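S.K.: Shown below is the structure under consideration.
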Amino acid sequence: MPLPEKSVSPLAAPVSSVWGVGEERARLLARLDLFTVEDLLLHKPRRYEDRRKFVAICDLRLKEPATVRGKIITAGVKRFQQGRRTLFECVFDDGTARLHCRWWQAQPWMEDWYAVGREFLIFGKAEKLKPRTFEHPETELVEPGDDEFIHVNRIVPVHPLTEGLTARVLRSLIWRALEKYEQDIAEPPRAIRAGSPEPPPASKTVVKKAEFQLESDQVIPGAGQPAPLPSRAKAVRMIHFPAELAEVERARQRLALDEFVTMQFQIQSRRRKFEANARGLPCGGDNRLMKPFLAELGFKLTAAQAKVLREIRADMAGAHPMRRLLQGDVGSGKTAVAACSALMALEGGFSVALMAPTEILAEQHFRNFSRWFTPLGIKVELQTGSRKTADIPSAACVFIGTHALLTGGFDLPKLGLVIIDEQHKFGVTQREALVRKGNYPHLLVMTATPIPRTLGLTLYGDLDVSVIDELPGGRGTIKTFVRTTDKLAKVLTFIREKISSGRQAYIVYPRVEAVDTDQDIKAVKKEFANIQQALVPFTVGLLHGRIKPAEKEAVMTAFRANTLQALVATSLIEVGVDVPNATVMLIENAEHFGLAQLHQLRGRIGRGAHESFCILISDARHAEAQARLKILAETTDGFKIAEADLQLRGPGELLGQQQSGLPDLRFGKLTEDLDLIRQAREEVKLQLDFAQGGVS
Ligand code: ADP
Ligand code: MG
């Protein structure tokens with residue numbers, strides 16, 4: 001299905017079709033990535049200036065932003081320090097008083113531009129009142145002309161600019177573009193799509209209009225309903241030339257909604273196309289292997305695990321290949337769910353591939369799956385960068401690996417299910433590559449990073465989501481403390497005590513190797529000896545990315561066996577590692593880790609019945625770092641932490657590798673537009689249902 005007919009819209013015309021844009025201005029606009037009329041119309045203002053009320057210069061107040069209007073009575077360059085530092089200063093007069101405006105480092109063009117007698121609008125704030133002075137104000141030349149109404153006596157937009165293009169010129173261009181093209185700003189096709197065989201029944205359309213609060217400026221009758229969003233054409237005008245500042249946000253929401261609709265359209269039509277083309281392999285299972293597996297597992301599945309498994313089974317027995325995201329906080333027991341899903345496929349005679357982001361985690365899965373599945377007569381193979389399987393068994397089996405699974409000639413016959421653990425560590429492309437390996441296998445991706453709903457509905461919009469919202473019982477609590485470096489000795493004494501009573505500890509640093517230029521950031525290699533000394537007579541292991549795989553495995557095995565009581569490591573251990581006897585997590589330079597990452601690291605403890613302790617060491621002063629650490633100390637709820645992370649650092653940090661998959665949004669805000677995203681999703685669904693003739 002094609003997107004709304006962009007190519008035939010008059011708005012696709014080049015910027016040069018706006019009066020006043022010649023070659024030179026087109027070149028300047030291109031620097032702002034503005035090529036078409038539509039680009040110009042959607043060039044979002046950086047801020048607004050209320051020019052309905054100018055302040056008389058005599059009424060300026062200290063440090064209060066204001067716009068004044070005045071004529072230049074004197075101007076000139078002053079030199080300091082033998083001419084190395086220059087100051088351009090001019091004095092404006094508006095008939096009530098004088099205003100000094102100063103710019104450090106005078107530019108050559110200033111003397112010509114700020115010529116005596118010219119009139120300017122000046123936006124700034126008074127740094128002092130005797131004499132009244134603005135430092136580096138923004139100005140705009142008042143040119144006598146008939147477009148004065150664009151630039152004064154209203155709220156005016158100030159757009160992102162580029163050298164050679166003034167705010168005034170750009171504002172005029174956008175004004176003209178609006179005048180000429182406003183009637184061409186079409187509503188994107190909504191509930192009724194062009195080319196649909198027949199519009200939906202009128203009553204239904206009305207209901208949908210009301211629900212979506214869209215399409216018209218008329219207030220829909222009915223008490224307590226929020227005001228409807230403006231039409232798209234109105235919104236475009238309002239975003240540039242609002243009558244009141246309050247209109248700006250409504251216009252933004254309207255334009256954001258359109259962006260989300262476009263995005264949802266892509267996601268949902270891709271998904272529908274996929275479903276139309278791909279048949280699901282019959283992997284519902286018959287419990288032949290599941291029963292003995294559960295009997296031997298040693299614990300009973302939690303209600304949440306069981307619920308998720310029912311969802312997975314329905315998918316794997318269904319007509320279309322499963323595309324499911326399993327979200328469960330650290331320690332919620334996703335591995336057991338993966339194992340059960342694998343058994344469903346195996347019961348159907350299909351093989352399973354399980355991909356993990358690190359060798360350590362792949363090996364841990366290999367050990368668990370071998371222990372569980374070998375007694376059932378199922379082969380489990382491991383393939384990592386350092387370990388290759390010679391030949392692929394002919395019977396259905398389980399293949400576990402890192403992304404090495406993707407490389408080389410690996411090709412599993414009868415691949416029925418692909419499981420990706422710690423999905424957020426992989427890019428979308430890697431996920432796709434693995435799924436393409438077989439004949440549309442089922443896909444289960446698992447993540448402990450609770451994805452805030454806004455992102456879930458956008459980035460993972462093509463996946464169904466299951467959530468394990470319950471931790472297995474019998475777990476000890478986790479206490480989290482934030483401490484400064486001067487408490488380190490005390491903390492180490494505490495760790496010794498815990499180890500003496502039989503527990504184990506992780507000690508994590510941000511770096512492998514110390515860097516001379518940044519002595520404050522600690523590195524494992526350097527601290528290892530200190531920790532060994534501090535914890536005598538106990539033994540300490542070392543783990544980081546530059547250690548050889550075989551050695552890594554040996555260290556993990558020793559730690560698991562409690563031959564090593566403490567592990568000094570980088571964030572390499574962040575994902576998946578499961579050693580229930582480890583109850584202490586010490587993280588130094590904690591401010592160097594993201595919130596989501598700290599939460600993952602903390603998830604390594606609290607896996608057994610004993611009480612656990614997470615100690616975050618940080619001397620960071622800045623507010624953002626402190627806010628992050630405070631959140632961690634206050635909650636262990638991964639969902640709250642992810643939401644906070646999204647607010648504090650934006651979506652990039654949270655998604656790591658997947659940044660590239662982030663949609664390009666001009667008006668939409670992933671951090672706050674959940675309602676709009678939901679609305680867009682529903683709307684697109686309705687639209688596609690209708691196009692498919694499936695409304696009922
Ligand atoms: P994650 O969701 O972080 O991958 P794991 O699958 O590693 O969590 O499980 C964490 C620990 O909880 C493991 O030691 C696992 O054996 C245990 N576990 C999983 N499910 C249950 C359950 N239903 N009851 C008790 N323990 C469980
Ligand atoms: Mg896990």
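Naming works like this for the structure tokens: A, B, ... for the chains as they're shown, residue 1 at the start of each chain, ligands 1 onward in shown order.
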Pick out the residues sitting within 10 Å of Trp103 (chain A), and hand them over as a PyMOL selection string; count only C-alpha atoms, and ignore anything fewer than 6 positions along from it in its own chain.
M.R.: chain A and resi 77+86-90+110+134-137
S.K.: When you look at region 480-492 of chain A with a cut-off of 8 Å (counting only C-alpha atoms), what residues show up, excluding the ones that are within fewer than 5 positions of it in the same chain? I need them as a ChimeraX atom specification.
M.R.: /A:534-535,613-619,629-630,632-634
S.K.: Give me, as CSV, each residue of chain A that comes within 8 Å of ligand 2, together with its shortest interatomic pair and the distance in Å at one decimal, counting only C-alpha atoms and all ligand atoms, with rows ordered by chain and rising residue number.
M.R.:
```
residue,atom,partner,partner_atom_place_in_ligand_line,distance
A:Val330,CA,ligand 2,1 (Mg),6.8
A:Gly331,CA,ligand 2,1 (Mg),7.0
A:Gly333,CA,ligand 2,1 (Mg),7.0
A:Lys334,CA,ligand 2,1 (Mg),5.8
A:Thr335,CA,ligand 2,1 (Mg),5.7
A:Asp421,CA,ligand 2,1 (Mg),6.7
A:Glu422,CA,ligand 2,1 (Mg),6.9
A:Thr447,CA,ligand 2,1 (Mg),7.8
A:Ala448,CA,ligand 2,1 (Mg),7.3
A:Val575,CA,ligand 2,1 (Mg),6.9
A:Gly576,CA,ligand 2,1 (Mg),4.1
A:Val577,CA,ligand 2,1 (Mg),7.2
A:Asp578,CA,ligand 2,1 (Mg),7.8
```
S.K.: Between CA of Tyr509 (chain A) and CA of Glu588 (chain A), what distance in Å does the model show, to one decimal?
M.R.: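 Computed distance, CA of Tyr509 (chain A) to CA of Glu588 (chain A), equals 5.4 Å.
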S.K.: Could you tell me which of A:Ser172, A:Arg154, A:Gly70, A:Lys234 comes closest to Glu187 (chain A) if we count only C-alpha atoms?
M.R.: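 Residue with the minimum atom-to-atom distance to Glu187 (chain A): A:Lys234.
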S.K.: Looking only at the backbone, which of the residues in region 74-320 of chain A does DSSP tag as alpha helix (DSSP H), as a PyMOL selection string?
M.R.: chain A and resi 110-113+148-151+167-181+202-212+232-240+246-277+290-296+303-316
S.K.: Could you give me, as a PDB file with N, CA, C and O atoms, in the first residue's frame, every polymer residue with an atom at most 9 Å away from an atom of ligand 1, counting only C-alpha atoms and all ligand atoms?
M.R.:
```pdb
ATOM      1  N   LEU A 297      12.406 -29.708  36.540  1.00  0.00           N
ATOM      2  CA  LEU A 297      12.950 -28.349  36.601  1.00  0.00           C
ATOM      3  C   LEU A 297      13.341 -27.911  38.012  1.00  0.00           C
ATOM      4  O   LEU A 297      14.299 -27.178  38.216  1.00  0.00           O
ATOM      5  N   GLY A 298      12.611 -28.372  39.009  1.00  0.00           N
ATOM      6  CA  GLY A 298      12.989 -28.026  40.378  1.00  0.00           C
ATOM      7  C   GLY A 298      12.212 -26.836  40.920  1.00  0.00           C
ATOM      8  O   GLY A 298      12.355 -26.473  42.075  1.00  0.00           O
ATOM      9  N   PHE A 299      11.461 -26.175  40.097  1.00  0.00           N
ATOM     10  CA  PHE A 299      10.552 -25.145  40.610  1.00  0.00           C
ATOM     11  C   PHE A 299       9.310 -25.112  39.741  1.00  0.00           C
ATOM     12  O   PHE A 299       9.275 -25.669  38.639  1.00  0.00           O
ATOM     13  N   LYS A 300       8.292 -24.480  40.291  1.00  0.00           N
ATOM     14  CA  LYS A 300       7.032 -24.357  39.569  1.00  0.00           C
ATOM     15  C   LYS A 300       7.040 -23.011  38.850  1.00  0.00           C
ATOM     16  O   LYS A 300       7.482 -22.015  39.417  1.00  0.00           O
ATOM     17  N   LEU A 301       6.569 -22.990  37.632  1.00  0.00           N
ATOM     18  CA  LEU A 301       6.534 -21.712  36.905  1.00  0.00           C
ATOM     19  C   LEU A 301       5.635 -20.725  37.639  1.00  0.00           C
ATOM     20  O   LEU A 301       4.623 -21.125  38.218  1.00  0.00           O
ATOM     21  N   THR A 302       6.018 -19.483  37.603  1.00  0.00           N
ATOM     22  CA  THR A 302       5.145 -18.471  38.202  1.00  0.00           C
ATOM     23  C   THR A 302       3.916 -18.296  37.307  1.00  0.00           C
ATOM     24  O   THR A 302       3.928 -18.696  36.136  1.00  0.00           O
ATOM     25  N   ALA A 303       2.876 -17.684  37.883  1.00  0.00           N
ATOM     26  CA  ALA A 303       1.655 -17.464  37.100  1.00  0.00           C
ATOM     27  C   ALA A 303       1.975 -16.621  35.867  1.00  0.00           C
ATOM     28  O   ALA A 303       1.427 -16.843  34.778  1.00  0.00           O
ATOM     29  N   ALA A 304       2.887 -15.668  36.026  1.00  0.00           N
ATOM     30  CA  ALA A 304       3.237 -14.790  34.900  1.00  0.00           C
ATOM     31  C   ALA A 304       3.954 -15.573  33.807  1.00  0.00           C
ATOM     32  O   ALA A 304       3.683 -15.390  32.617  1.00  0.00           O
ATOM     33  N   GLN A 305       4.842 -16.457  34.204  1.00  0.00           N
ATOM     34  CA  GLN A 305       5.535 -17.283  33.207  1.00  0.00           C
ATOM     35  C   GLN A 305       4.524 -18.162  32.463  1.00  0.00           C
ATOM     36  O   GLN A 305       4.587 -18.303  31.236  1.00  0.00           O
ATOM     37  N   ALA A 306       3.602 -18.745  33.205  1.00  0.00           N
ATOM     38  CA  ALA A 306       2.608 -19.625  32.590  1.00  0.00           C
ATOM     39  C   ALA A 306       1.723 -18.849  31.612  1.00  0.00           C
ATOM     40  O   ALA A 306       1.433 -19.318  30.508  1.00  0.00           O
ATOM     41  N   GLN A 327       9.060  -9.297  27.523  1.00  0.00           N
ATOM     42  CA  GLN A 327       9.661  -8.317  28.400  1.00  0.00           C
ATOM     43  C   GLN A 327       9.510  -8.810  29.827  1.00  0.00           C
ATOM     44  O   GLN A 327       8.411  -9.144  30.252  1.00  0.00           O
ATOM     45  N   GLY A 328      10.618  -8.917  30.522  1.00  0.00           N
ATOM     46  CA  GLY A 328      10.540  -9.346  31.915  1.00  0.00           C
ATOM     47  C   GLY A 328      11.734  -8.792  32.638  1.00  0.00           C
ATOM     48  O   GLY A 328      12.862  -8.878  32.154  1.00  0.00           O
ATOM     49  N   ASP A 329      11.499  -8.208  33.773  1.00  0.00           N
ATOM     50  CA  ASP A 329      12.569  -7.566  34.508  1.00  0.00           C
ATOM     51  C   ASP A 329      13.670  -8.579  34.815  1.00  0.00           C
ATOM     52  O   ASP A 329      13.446  -9.790  34.772  1.00  0.00           O
ATOM     53  N   VAL A 330      14.845  -8.068  35.136  1.00  0.00           N
ATOM     54  CA  VAL A 330      15.961  -8.958  35.442  1.00  0.00           C
ATOM     55  C   VAL A 330      15.554  -9.936  36.539  1.00  0.00           C
ATOM     56  O   VAL A 330      14.938  -9.546  37.527  1.00  0.00           O
ATOM     57  N   GLY A 331      15.852 -11.201  36.310  1.00  0.00           N
ATOM     58  CA  GLY A 331      15.562 -12.217  37.303  1.00  0.00           C
ATOM     59  C   GLY A 331      14.142 -12.746  37.285  1.00  0.00           C
ATOM     60  O   GLY A 331      13.752 -13.547  38.125  1.00  0.00           O
ATOM     61  N   SER A 332      13.357 -12.322  36.303  1.00  0.00           N
ATOM     62  CA  SER A 332      11.959 -12.752  36.278  1.00  0.00           C
ATOM     63  C   SER A 332      11.797 -14.165  35.703  1.00  0.00           C
ATOM     64  O   SER A 332      10.706 -14.722  35.743  1.00  0.00           O
ATOM     65  N   GLY A 333      12.865 -14.738  35.186  1.00  0.00           N
ATOM     66  CA  GLY A 333      12.811 -16.114  34.708  1.00  0.00           C
ATOM     67  C   GLY A 333      12.475 -16.253  33.233  1.00  0.00           C
ATOM     68  O   GLY A 333      11.689 -17.113  32.829  1.00  0.00           O
ATOM     69  N   LYS A 334      13.111 -15.452  32.420  1.00  0.00           N
ATOM     70  CA  LYS A 334      12.861 -15.528  30.979  1.00  0.00           C
ATOM     71  C   LYS A 334      13.480 -16.782  30.367  1.00  0.00           C
ATOM     72  O   LYS A 334      12.956 -17.326  29.401  1.00  0.00           O
ATOM     73  N   THR A 335      14.592 -17.250  30.962  1.00  0.00           N
ATOM     74  CA  THR A 335      15.267 -18.422  30.391  1.00  0.00           C
ATOM     75  C   THR A 335      14.355 -19.647  30.415  1.00  0.00           C
ATOM     76  O   THR A 335      14.304 -20.410  29.444  1.00  0.00           O
ATOM     77  N   ALA A 336      13.643 -19.825  31.511  1.00  0.00           N
ATOM     78  CA  ALA A 336      12.750 -20.979  31.597  1.00  0.00           C
ATOM     79  C   ALA A 336      11.650 -20.885  30.535  1.00  0.00           C
ATOM     80  O   ALA A 336      11.259 -21.893  29.942  1.00  0.00           O
ATOM     81  N   VAL A 337      11.175 -19.677  30.293  1.00  0.00           N
ATOM     82  CA  VAL A 337      10.158 -19.480  29.257  1.00  0.00           C
ATOM     83  C   VAL A 337      10.743 -19.809  27.889  1.00  0.00           C
ATOM     84  O   VAL A 337      10.108 -20.479  27.064  1.00  0.00           O
ATOM     85  N   ALA A 338      11.986 -19.386  27.668  1.00  0.00           N
ATOM     86  CA  ALA A 338      12.650 -19.697  26.400  1.00  0.00           C
ATOM     87  C   ALA A 338      12.762 -21.206  26.226  1.00  0.00           C
ATOM     88  O   ALA A 338      12.497 -21.745  25.149  1.00  0.00           O
ATOM     89  N   ASP A 421      18.037 -13.468  23.005  1.00  0.00           N
ATOM     90  CA  ASP A 421      18.049 -13.029  24.399  1.00  0.00           C
ATOM     91  C   ASP A 421      18.668 -11.643  24.470  1.00  0.00           C
ATOM     92  O   ASP A 421      19.567 -11.319  23.717  1.00  0.00           O
ATOM     93  N   GLU A 422      18.185 -10.834  25.380  1.00  0.00           N
ATOM     94  CA  GLU A 422      18.701  -9.476  25.569  1.00  0.00           C
ATOM     95  C   GLU A 422      18.695  -8.730  24.248  1.00  0.00           C
ATOM     96  O   GLU A 422      19.674  -8.173  23.783  1.00  0.00           O
ATOM     97  N   MET A 446      13.710 -11.484  23.628  1.00  0.00           N
ATOM     98  CA  MET A 446      13.536 -11.272  25.066  1.00  0.00           C
ATOM     99  C   MET A 446      14.362 -10.071  25.503  1.00  0.00           C
ATOM    100  O   MET A 446      15.472  -9.869  25.036  1.00  0.00           O
ATOM    101  N   THR A 447      13.837  -9.313  26.408  1.00  0.00           N
ATOM    102  CA  THR A 447      14.622  -8.207  26.932  1.00  0.00           C
ATOM    103  C   THR A 447      14.264  -7.932  28.378  1.00  0.00           C
ATOM    104  O   THR A 447      13.119  -8.128  28.796  1.00  0.00           O
ATOM    105  N   ALA A 448      15.276  -7.523  29.127  1.00  0.00           N
ATOM    106  CA  ALA A 448      15.031  -7.140  30.511  1.00  0.00           C
ATOM    107  C   ALA A 448      14.882  -5.636  30.598  1.00  0.00           C
ATOM    108  O   ALA A 448      14.487  -5.107  31.618  1.00  0.00           O
ATOM    109  N   ILE A 468       6.368 -10.504  31.619  1.00  0.00           N
ATOM    110  CA  ILE A 468       6.406 -11.252  32.883  1.00  0.00           C
ATOM    111  C   ILE A 468       6.440 -10.209  33.977  1.00  0.00           C
ATOM    112  O   ILE A 468       7.433  -9.517  34.153  1.00  0.00           O
ATOM    113  N   LEU A 471       8.060 -11.597  39.895  1.00  0.00           N
ATOM    114  CA  LEU A 471       9.314 -12.304  40.124  1.00  0.00           C
ATOM    115  C   LEU A 471       9.026 -13.601  40.863  1.00  0.00           C
ATOM    116  O   LEU A 471       8.075 -13.678  41.634  1.00  0.00           O
ATOM    117  N   PRO A 472       9.834 -14.642  40.619  1.00  0.00           N
ATOM    118  CA  PRO A 472       9.639 -15.876  41.387  1.00  0.00           C
ATOM    119  C   PRO A 472       9.743 -15.568  42.880  1.00  0.00           C
ATOM    120  O   PRO A 472      10.497 -14.683  43.284  1.00  0.00           O
ATOM    121  N   GLY A 473       9.001 -16.287  43.672  1.00  0.00           N
ATOM    122  CA  GLY A 473       9.005 -16.040  45.108  1.00  0.00           C
ATOM    123  C   GLY A 473      10.312 -16.494  45.757  1.00  0.00           C
ATOM    124  O   GLY A 473      11.198 -17.035  45.109  1.00  0.00           O
ATOM    125  N   GLY A 474      10.393 -16.257  47.055  1.00  0.00           N
ATOM    126  CA  GLY A 474      11.530 -16.745  47.821  1.00  0.00           C
ATOM    127  C   GLY A 474      12.823 -16.005  47.566  1.00  0.00           C
ATOM    128  O   GLY A 474      13.901 -16.519  47.825  1.00  0.00           O
ATOM    129  N   ARG A 475      12.709 -14.815  47.021  1.00  0.00           N
ATOM    130  CA  ARG A 475      13.932 -14.045  46.780  1.00  0.00           C
ATOM    131  C   ARG A 475      14.174 -13.078  47.923  1.00  0.00           C
ATOM    132  O   ARG A 475      13.227 -12.476  48.443  1.00  0.00           O
ATOM    133  N   VAL A 575      24.706  -8.410  31.381  1.00  0.00           N
ATOM    134  CA  VAL A 575      23.555  -9.177  30.918  1.00  0.00           C
ATOM    135  C   VAL A 575      23.577 -10.637  31.327  1.00  0.00           C
ATOM    136  O   VAL A 575      24.582 -11.318  31.216  1.00  0.00           O
ATOM    137  N   GLY A 576      22.448 -11.074  31.812  1.00  0.00           N
ATOM    138  CA  GLY A 576      22.184 -12.501  31.905  1.00  0.00           C
ATOM    139  C   GLY A 576      22.827 -13.318  33.002  1.00  0.00           C
ATOM    140  O   GLY A 576      22.250 -14.288  33.449  1.00  0.00           O
ATOM    141  N   VAL A 577      24.046 -12.943  33.450  1.00  0.00           N
ATOM    142  CA  VAL A 577      24.771 -13.826  34.364  1.00  0.00           C
ATOM    143  C   VAL A 577      23.929 -14.141  35.603  1.00  0.00           C
ATOM    144  O   VAL A 577      23.358 -13.268  36.228  1.00  0.00           O
ATOM    145  N   ASP A 578      23.874 -15.409  35.931  1.00  0.00           N
ATOM    146  CA  ASP A 578      22.972 -15.871  36.980  1.00  0.00           C
ATOM    147  C   ASP A 578      23.716 -16.715  38.005  1.00  0.00           C
ATOM    148  O   ASP A 578      23.941 -17.899  37.808  1.00  0.00           O
ATOM    149  N   VAL A 579      24.138 -16.093  39.098  1.00  0.00           N
ATOM    150  CA  VAL A 579      24.785 -16.818  40.193  1.00  0.00           C
ATOM    151  C   VAL A 579      24.059 -16.424  41.488  1.00  0.00           C
ATOM    152  O   VAL A 579      24.365 -15.407  42.101  1.00  0.00           O
ATOM    153  N   PRO A 580      23.076 -17.225  41.885  1.00  0.00           N
ATOM    154  CA  PRO A 580      22.210 -16.826  42.999  1.00  0.00           C
ATOM    155  C   PRO A 580      22.938 -16.566  44.317  1.00  0.00           C
ATOM    156  O   PRO A 580      22.448 -15.818  45.156  1.00  0.00           O
ATOM    157  N   GLN A 600      20.487  -3.266  35.160  1.00  0.00           N
ATOM    158  CA  GLN A 600      20.896  -4.596  34.695  1.00  0.00           C
ATOM    159  C   GLN A 600      21.974  -5.175  35.606  1.00  0.00           C
ATOM    160  O   GLN A 600      21.922  -6.336  35.992  1.00  0.00           O
ATOM    161  N   GLY A 603      20.730  -6.321  38.676  1.00  0.00           N
ATOM    162  CA  GLY A 603      19.960  -7.542  38.474  1.00  0.00           C
ATOM    163  C   GLY A 603      20.777  -8.816  38.623  1.00  0.00           C
ATOM    164  O   GLY A 603      20.230  -9.913  38.657  1.00  0.00           O
ATOM    165  N   ARG A 604      22.099  -8.682  38.705  1.00  0.00           N
ATOM    166  CA  ARG A 604      22.933  -9.881  38.931  1.00  0.00           C
ATOM    167  C   ARG A 604      22.791 -10.385  40.354  1.00  0.00           C
ATOM    168  O   ARG A 604      23.152 -11.517  40.646  1.00  0.00           O
ATOM    169  N   ARG A 607      19.173 -12.818  43.446  1.00  0.00           N
ATOM    170  CA  ARG A 607      18.640 -13.969  42.719  1.00  0.00           C
ATOM    171  C   ARG A 607      18.456 -15.179  43.618  1.00  0.00           C
ATOM    172  O   ARG A 607      17.924 -16.199  43.189  1.00  0.00           O
ATOM    173  N   GLY A 608      18.960 -15.074  44.854  1.00  0.00           N
ATOM    174  CA  GLY A 608      18.784 -16.189  45.785  1.00  0.00           C
ATOM    175  C   GLY A 608      17.904 -15.755  46.941  1.00  0.00           C
ATOM    176  O   GLY A 608      17.266 -14.708  46.901  1.00  0.00           O
TER     177      GLY A 608
END
```
S.K.: Please give the complete set of residues from region 247-334 of chain A that DSSP, run on the backbone, assigns to strand (DSSP E), formatted as a PDB file with N, CA, C and O atoms, in the first residue's frame.
M.R.:
```pdb
ATOM      1  N   ARG A 323       5.844 -13.268  16.108  1.00  0.00           N
ATOM      2  CA  ARG A 323       6.787 -12.154  16.213  1.00  0.00           C
ATOM      3  C   ARG A 323       6.549 -11.552  17.574  1.00  0.00           C
ATOM      4  O   ARG A 323       5.714 -10.656  17.718  1.00  0.00           O
ATOM      5  N   ARG A 324       7.200 -12.059  18.597  1.00  0.00           N
ATOM      6  CA  ARG A 324       6.840 -11.659  19.955  1.00  0.00           C
ATOM      7  C   ARG A 324       8.021 -11.149  20.751  1.00  0.00           C
ATOM      8  O   ARG A 324       9.115 -11.689  20.683  1.00  0.00           O
ATOM      9  N   LEU A 325       7.756 -10.060  21.461  1.00  0.00           N
ATOM     10  CA  LEU A 325       8.746  -9.501  22.378  1.00  0.00           C
ATOM     11  C   LEU A 325       8.359  -9.910  23.789  1.00  0.00           C
ATOM     12  O   LEU A 325       7.242  -9.661  24.224  1.00  0.00           O
ATOM     13  N   LEU A 326       9.292 -10.578  24.456  1.00  0.00           N
ATOM     14  CA  LEU A 326       9.041 -10.968  25.842  1.00  0.00           C
ATOM     15  C   LEU A 326       9.813 -10.030  26.751  1.00  0.00           C
ATOM     16  O   LEU A 326      11.040  -9.965  26.707  1.00  0.00           O
ATOM     17  N   GLN A 327       9.060  -9.297  27.523  1.00  0.00           N
ATOM     18  CA  GLN A 327       9.661  -8.317  28.400  1.00  0.00           C
ATOM     19  C   GLN A 327       9.510  -8.810  29.827  1.00  0.00           C
ATOM     20  O   GLN A 327       8.411  -9.144  30.252  1.00  0.00           O
ATOM     21  N   GLY A 328      10.618  -8.917  30.522  1.00  0.00           N
ATOM     22  CA  GLY A 328      10.540  -9.346  31.915  1.00  0.00           C
ATOM     23  C   GLY A 328      11.734  -8.792  32.638  1.00  0.00           C
ATOM     24  O   GLY A 328      12.862  -8.878  32.154  1.00  0.00           O
TER      25      GLY A 328
END
```
S.K.: Which of these residues is nearest to Val308 (chain A), using only C-alpha atoms: A:Glu574, A:Ser466, A:Ile495, A:Gly280?
M.R.: A:Ser466
S.K.: Got a sec: who's within 7 Å of region 372-387 of chain A, counting only C-alpha atoms, leaving out chain neighbours fewer than 2 positions off, as number ranges by chain?
M.R.: A: 289, 293, 359, 366, 368-370, 389, 397-402, 404-405, 549
S.K.: Could you name the residues that touch Ala243 (chain A) at 12 Å or less, counting only C-alpha atoms, but leaving out those on the same chain fewer than 4 positions away, as a list in words?
M.R.: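 After dropping sequence-adjacent residues, the list is Tyr48, Glu49, Asp50, Arg51, Arg52, Asn153, Arg154, Ile155, Val156, Pro157, Lys234, Ala235, Arg237, Met238, Ile239, Glu247, Val248 and Ala251 of chain A.
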S.K.: Name the closest residue to Gln532 (chain A) among the candidates A:Val158, A:Leu281, A:Ala582, A:Leu564; distances are taken between atoms, counting only C-alpha atoms.
M.R.: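 Smallest distance to Gln532 (chain A) is found for A:Leu564.
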S.K.: Quick one: distance from CA of Gly416 (chain A) to CA of Asp315 (chain A) in Å, one decimal?
M.R.: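 We find that CA of Gly416 (chain A) and CA of Asp315 (chain A) lie 12.4 Å from each other.
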S.K.: Under the rule that only C-alpha atoms are counted, which of A:Asp645, A:Asp33, A:Glu244, A:Glu163 is the nearest residue to Ile451 (chain A)?
M.R.: A:Asp645
S.K.: Go through A:Val467, A:Leu255, A:Ala66, A:Ile478 one by one, measure the shortest atom-to-atom distance of each to Lys307 (chain A) using only C-alpha atoms, and give the residue with the smallest value.
M.R.: A:Val467
S.K.: Restricting the calculation to only C-alpha atoms: of A:Leu542, A:Ile547, A:Ile420, A:Met556, which residue gets closest to Ala569 (chain A)?
M.R.: A:Leu542
S.K.: Counting only C-alpha atoms, what is within 9 Å of Glu553 (chain A), bar same-chain residues fewer than 4 positions away, as number ranges by chain?
M.R.: A: 359-360, 363, 548-549, 557-558
